[in-house]
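A short worksheet on the structure shown next.
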Amino acid sequence: MEPKKASDPDELGGWRINGRLGEGGFGTVYLGEKGAQKAAIKVIRPEFVEEDDARARLVTEANILSKLSDPSIGKILDSDLSGEYPWIATEFINGPTLDDKVKYEGPLEEIAWFNLAANVFHAVVSANEMGIIHKDIKPSNIILGETGNKLIDFGIAHISGQTKTVVFGDREGSTPFSSPEHFTIRSNPKMDVFSTAATLAYAGKATNIWNGENDLQLMRSINEDFPKLDGLTENQTKFLTPLFEKNPSDRPTALEAHQSALGYIEFLLGNSKIPSPLKGRSNLKRLLSYTKSITFVSLSIIAVIAIVLTMRISAQQVPTEIANSNVKNPPIGNSTNPSPTKSKNATEPSPTKSKNADLSINAATDIACQDEYSSKGSKVIEMCLPSAKKGEISSIYFLGRFYFDKQNYKEAEKWLLQGAEAKDLNSTRFLIDTYTQLSNTTQRDRWTKICADTSYGETDTSPLKDIAYCKMMQGFILTRAGASKEAILYFTDAADYGSGDAATWLGLYYRDLDQKDKAIKWLTRAAELESTNGLNSLISYADQIGDNALAKKWLIVSANDGNQVNMGVLALTYYFDKDFTSAKKWASKGASFGDILSVYVQGAVAYDEGQRVEGKALLVKAANKGNISAIRKLGSIYRLDEKNYEEAAIWYEKLAARNDFTGTDTYSALLFMLGKDKESCTYNDKVLELGNAAKKNGTYESTYMDKIMEDAKVIADGYCAKM
């Protein structure tokens, strides 16, 4: 918690304001107390008081929370929405967000995972029964509190009959946890089922389950692919699979999912037989043509080219919440912050005897203790306890780690605290994690600062990666508290000590301040430190500022490192540059990994070079996997090159089914040419509908859409009106 500023209120509605918990996009969150009760009080900042959207979100959240009394939902305690500065007070939840828990400590254990599933689906059921769709379920909106798991932040939720649908462009950073319905103009209660499933998959894997590293690629994967559930247990996979049905009508309800989760809990506790798996109507693993069950707002050819080359990293991907409240930590400016990646600069120590390794051991080390722990033997206590009792630092550390790994956090605290007090950074690092597990945020923050402020350099007991980890953690804590200037100092130190994730955060921070030189400096440093997020952010920013050479340079690095998605993007880049030799080289590599964008480039190059039969076959393969560019290319081939309007109509119908604006317009024209006037007028009306929807959600491109809309209006008011 950060101290109050001079301009901050001393009390609000009888709540004594004790300090700041954070600052959001529209508001400041204070810690309030009234008697023995604590609250997180969200207040609209003065500069946003006149913003309709800020007030609307706060009113929506207050309205919804007042209707809900589920123990798995953070509850509202008090509010004043009519005053000069509207505010709401919600219960203070002491604990980390699921996002932080997973990113710093790894996947949840199976029983804890199913408990989380039961809690969140119970919250969804309660909300849905009141006609409420949360619409933004994700790890950062779930707090693992001392009194149970809580779903928070209903600021953009949909209330049946009261609020308008919040379209895709209105959401911030939730794409990896979106459902196919999020990309349409209609809300559906089962979108929360899909998002909860994606959130749970992340909680069980600690990695993204979709292919892609920007919004377009993720959107395509969510609509086309079976999620990557490898690494989950058999029980988890069986539970989740039907929840990822693309068509909401094929998806189980939240109530069915809740009951199934309870069944698995009883099974894991040995109280019942394994429950029957949830049933979805189709078999996702066969990836039947999703075009029959999904419609989503596709992008025009111009937007596709622009967005494929502009990879914006999702805001979900950074642990900026070291949360002990029920409020999201907002990005600085418009920042989309990175998450720590398990790259070569990861901070997890591994026992070795090298001087520069994470766990360097001096000559007095009890080697038997280290070897027993490293080999995951059964006699760690027997081997380590005697020397640990004598004060041998490495044995103290390994004994603490053993208890930590066994989730005996009280015993882990006992030993790791001894190591930390002896200034062993290895012990301090895991003492911080232990206090996180124990929800002891006071001691966690205390030791994080002690570790981050260490003044000595790399030694046997203070490897640089541990120091970098602590400094980065302190940066996140300060960011969460709204002390961004002080946080920058810690992130800078962490980056200097070799943290690619800290360098990425700095790069994105300066990018959003429009300080180009600093942004490029830090993002380049992150890429050099082999941070995947940093590299992709650098590519995105280079393209954004028009530095094509820099973007291509790092695309090549990424592709050479085996990034399959970027192989396809690089191939597409060369294709646009008419460098067909390089395009074929990278498309071939990407296609060998199953990247559909690469298959499209292969087909497009082959066709353009005159190998029309082979090219069309590859394009059909990509199109059948849902690649929009391949569908459009095939439609263009049959319409313009072969004048086969009936075959062209088949492909443009697929675009129209995806609510593609230009594809729908062309399909309407083809139907008219084929003598299907009534159907042509139906799709002409749809063109107007899609254009008007684009105006509302901010995706309207006047440079080419104005003319299409004008022509469609003339046809609707003239020829079609007379039919």
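Going through the structure tokens in order, the chains are called A, B, and so on, while each chain numbers its residues from 1 and the ligands are numbered from 1 in the order shown.
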* To do: Would you list the contacts of Thr504 in chain A as a PyMOL selection string, taking every protein, DNA or RNA residue within 9 Å and counting only C-alpha atoms, but skipping same-chain residues closer than 5 positions in sequence?
  => chain A and resi 337-339+495+499+509+519+522-527+531+533-535+537-538
So that I have them on file, write out the residues from the current selection with N, CA and C atoms, as a short mmCIF file (atom, residue, chain, number, x, y, z; two decimals), in the first residue's frame.
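Wrote it out as again39.cif, contents follow:
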data_model
loop_
_atom_site.label_atom_id
_atom_site.label_comp_id
_atom_site.auth_asym_id
_atom_site.auth_seq_id
_atom_site.Cartn_x
_atom_site.Cartn_y
_atom_site.Cartn_z
N ASN A 337 1.31 -4.71 -20.68
CA ASN A 337 2.51 -5.16 -20.01
C ASN A 337 2.82 -6.62 -20.27
N PRO A 338 4.09 -7.00 -20.21
CA PRO A 338 4.50 -8.37 -20.50
C PRO A 338 4.42 -9.25 -19.28
N SER A 339 4.43 -10.55 -19.51
CA SER A 339 4.51 -11.48 -18.40
C SER A 339 5.87 -12.14 -18.41
N ALA A 495 16.61 -5.22 -15.25
CA ALA A 495 17.02 -5.41 -16.64
C ALA A 495 18.54 -5.43 -16.76
N SER A 499 17.33 -9.41 -16.58
CA SER A 499 15.92 -9.82 -16.70
C SER A 499 15.33 -9.28 -18.00
N TYR A 509 6.64 0.57 -21.53
CA TYR A 509 6.34 1.79 -20.78
C TYR A 509 6.75 3.02 -21.59
N ALA A 519 12.23 3.31 -25.97
CA ALA A 519 11.43 2.11 -26.20
C ALA A 519 12.22 1.09 -27.01
N TRP A 522 15.16 -0.52 -24.89
CA TRP A 522 14.82 -1.55 -23.92
C TRP A 522 14.21 -2.78 -24.57
N LEU A 523 13.41 -2.59 -25.60
CA LEU A 523 12.84 -3.76 -26.28
C LEU A 523 13.93 -4.55 -27.00
N THR A 524 14.91 -3.84 -27.55
CA THR A 524 16.04 -4.54 -28.16
C THR A 524 16.82 -5.32 -27.11
N ARG A 525 17.01 -4.69 -25.95
CA ARG A 525 17.70 -5.38 -24.86
C ARG A 525 16.93 -6.63 -24.44
N ALA A 526 15.61 -6.51 -24.37
CA ALA A 526 14.78 -7.66 -24.00
C ALA A 526 14.92 -8.78 -25.02
N ALA A 527 14.92 -8.41 -26.29
CA ALA A 527 15.07 -9.42 -27.34
C ALA A 527 16.44 -10.09 -27.26
N SER A 531 13.93 -12.78 -24.33
CA SER A 531 12.55 -12.71 -23.86
C SER A 531 11.63 -12.77 -25.08
N ASN A 533 8.39 -12.32 -25.22
CA ASN A 533 7.49 -11.17 -25.23
C ASN A 533 8.20 -9.92 -25.68
N GLY A 534 9.44 -9.75 -25.23
CA GLY A 534 10.21 -8.59 -25.64
C GLY A 534 10.48 -8.57 -27.12
N LEU A 535 10.84 -9.72 -27.66
CA LEU A 535 11.11 -9.81 -29.09
C LEU A 535 9.87 -9.48 -29.91
N SER A 537 7.26 -7.80 -28.96
CA SER A 537 6.90 -6.40 -28.75
C SER A 537 7.78 -5.50 -29.61
N LEU A 538 9.04 -5.85 -29.75
CA LEU A 538 9.95 -5.08 -30.59
C LEU A 538 9.52 -5.14 -32.05
#
* To do: Counting only C-alpha atoms, figure out which residue out of A:Val569, A:Gly590, A:Ser629, A:Asp424 gets nearest to Asn536 in chain A.
  => A:Val569
* What are the DSSP alpha helix (DSSP H) residues of range 188-250 of chain A, as a PyMOL selection string? -> chain A and resi 191-205+215-224+234-240
* Asked: What is the distance, in Å and to one decimal place, between CA of Thr97 in chain A and CA of Pro139 in chain A?
  ->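 Those two atoms sit 6.8 Å apart.
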* Option closest in space to Thr199 in chain A, from A:Pro9, A:Gly594, A:Gly145, A:Pro107 [counting only C-alpha atoms] ->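 Checking each candidate against Thr199 in chain A, we get A:Pro107 as the closest.
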* List every residue of range 45-203 of chain A that DSSP, applied to the backbone of this structure, places in strand (DSSP E), and write the result as a VMD selection string. => chain A and resid 76 to 80 87 to 91 132 to 133 142 to 145 148 to 151 158 to 159
Selection to disk with C-alpha atoms, as a CSV table (one decimal), in the first residue's frame:
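As written to disk, selection_1.csv reads:
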chain,number,residue,atom,x,y,z
A,76,ILE,CA,-20.1,-4.4,-2.6
A,77,LEU,CA,-20.2,-2.7,0.9
A,78,ASP,CA,-21.2,0.9,0.1
A,79,SER,CA,-21.4,3.4,-2.7
A,80,ASP,CA,-22.1,7.0,-3.6
A,87,TRP,CA,-17.2,5.8,-5.6
A,88,ILE,CA,-17.9,2.3,-4.6
A,89,ALA,CA,-16.6,0.3,-1.7
A,90,THR,CA,-16.1,-3.4,-2.1
A,91,GLU,CA,-14.8,-6.0,0.3
A,132,ILE,CA,-25.7,-11.0,-15.9
A,133,ILE,CA,-22.8,-12.0,-18.2
A,142,ILE,CA,-9.8,-13.8,-9.9
A,143,ILE,CA,-8.4,-13.3,-6.4
A,144,LEU,CA,-7.3,-16.3,-4.3
A,145,GLY,CA,-8.3,-14.8,-1.0
A,148,GLY,CA,-11.9,-18.4,-0.8
A,149,ASN,CA,-11.5,-17.7,-4.5
A,150,LYS,CA,-13.4,-14.6,-5.6
A,151,LEU,CA,-14.4,-13.4,-9.1
A,158,HIS,CA,-23.8,-7.2,-19.7
A,159,ILE,CA,-27.1,-7.0,-17.9
* To do: Please identify all polymer residues within 9 Å of Lys552 in chain A, counting only C-alpha atoms, omitting same-chain residues fewer than 5 positions from it, and present them as a list in words.
  => Ile539, Ala542, Asp543, Asp547, Val557, Leu570 and Thr573 of chain A
* Given only C-alpha atoms as the counted atoms, nearest of A:Asn560, A:Asp685, A:Ala483, A:Phe491 to Asp711 in chain A -> A:Asp685
* To do: Write out as a PyMOL selection string each polymer residue whose atoms come within 9 Å of range 399-403 of chain A, counting only C-alpha atoms; drop sequence neighbours fewer than 5 positions from it.
  => chain A and resi 369+373+380-381+384-385+388+394+408-417+419+427+430-431
* Quick one, how far is CA of Gln602 in chain A from CA of Ile631 in chain A? -> 14.0 Å
* **Atom-to-atom span, CA of Ile73 in chain A and CA of Ala198 in chain A, Å** =>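 So the answer is 18.9 Å.
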Proximity of range 196-235 of chain A to range 108-119 of chain A: per-residue shortest pair, 12 Å limit, only C-alpha atoms, as a tab-separated table:
residue	atom	partner	partner_atom	distance
A:Thr196	CA	A:Ala117	CA	8.0
A:Ala197	CA	A:Ala117	CA	8.4
A:Ala198	CA	A:Ala117	CA	11.1
A:Thr199	CA	A:Ala117	CA	9.4
A:Leu200	CA	A:Ala117	CA	6.9
A:Ala201	CA	A:Trp113	CA	9.5
A:Tyr202	CA	A:Leu108	CA	9.5
A:Ala203	CA	A:Leu108	CA	6.0
A:Gly204	CA	A:Leu108	CA	5.6
A:Lys205	CA	A:Leu108	CA	8.3
A:Ala206	CA	A:Leu108	CA	8.8
A:Gly231	CA	A:Glu110	CA	11.8
A:Leu232	CA	A:Glu110	CA	8.9
A:Thr233	CA	A:Glu110	CA	7.7
A:Glu234	CA	A:Glu110	CA	10.3
A:Asn235	CA	A:Glu110	CA	8.6
* Using only C-alpha atoms, find the one residue out of A:Tyr85, A:Tyr469, A:Trp586, A:Tyr683 that sits nearest to Ser558 in chain A. =>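 Among the listed residues, the smallest separation from Ser558 in chain A belongs to A:Trp586.
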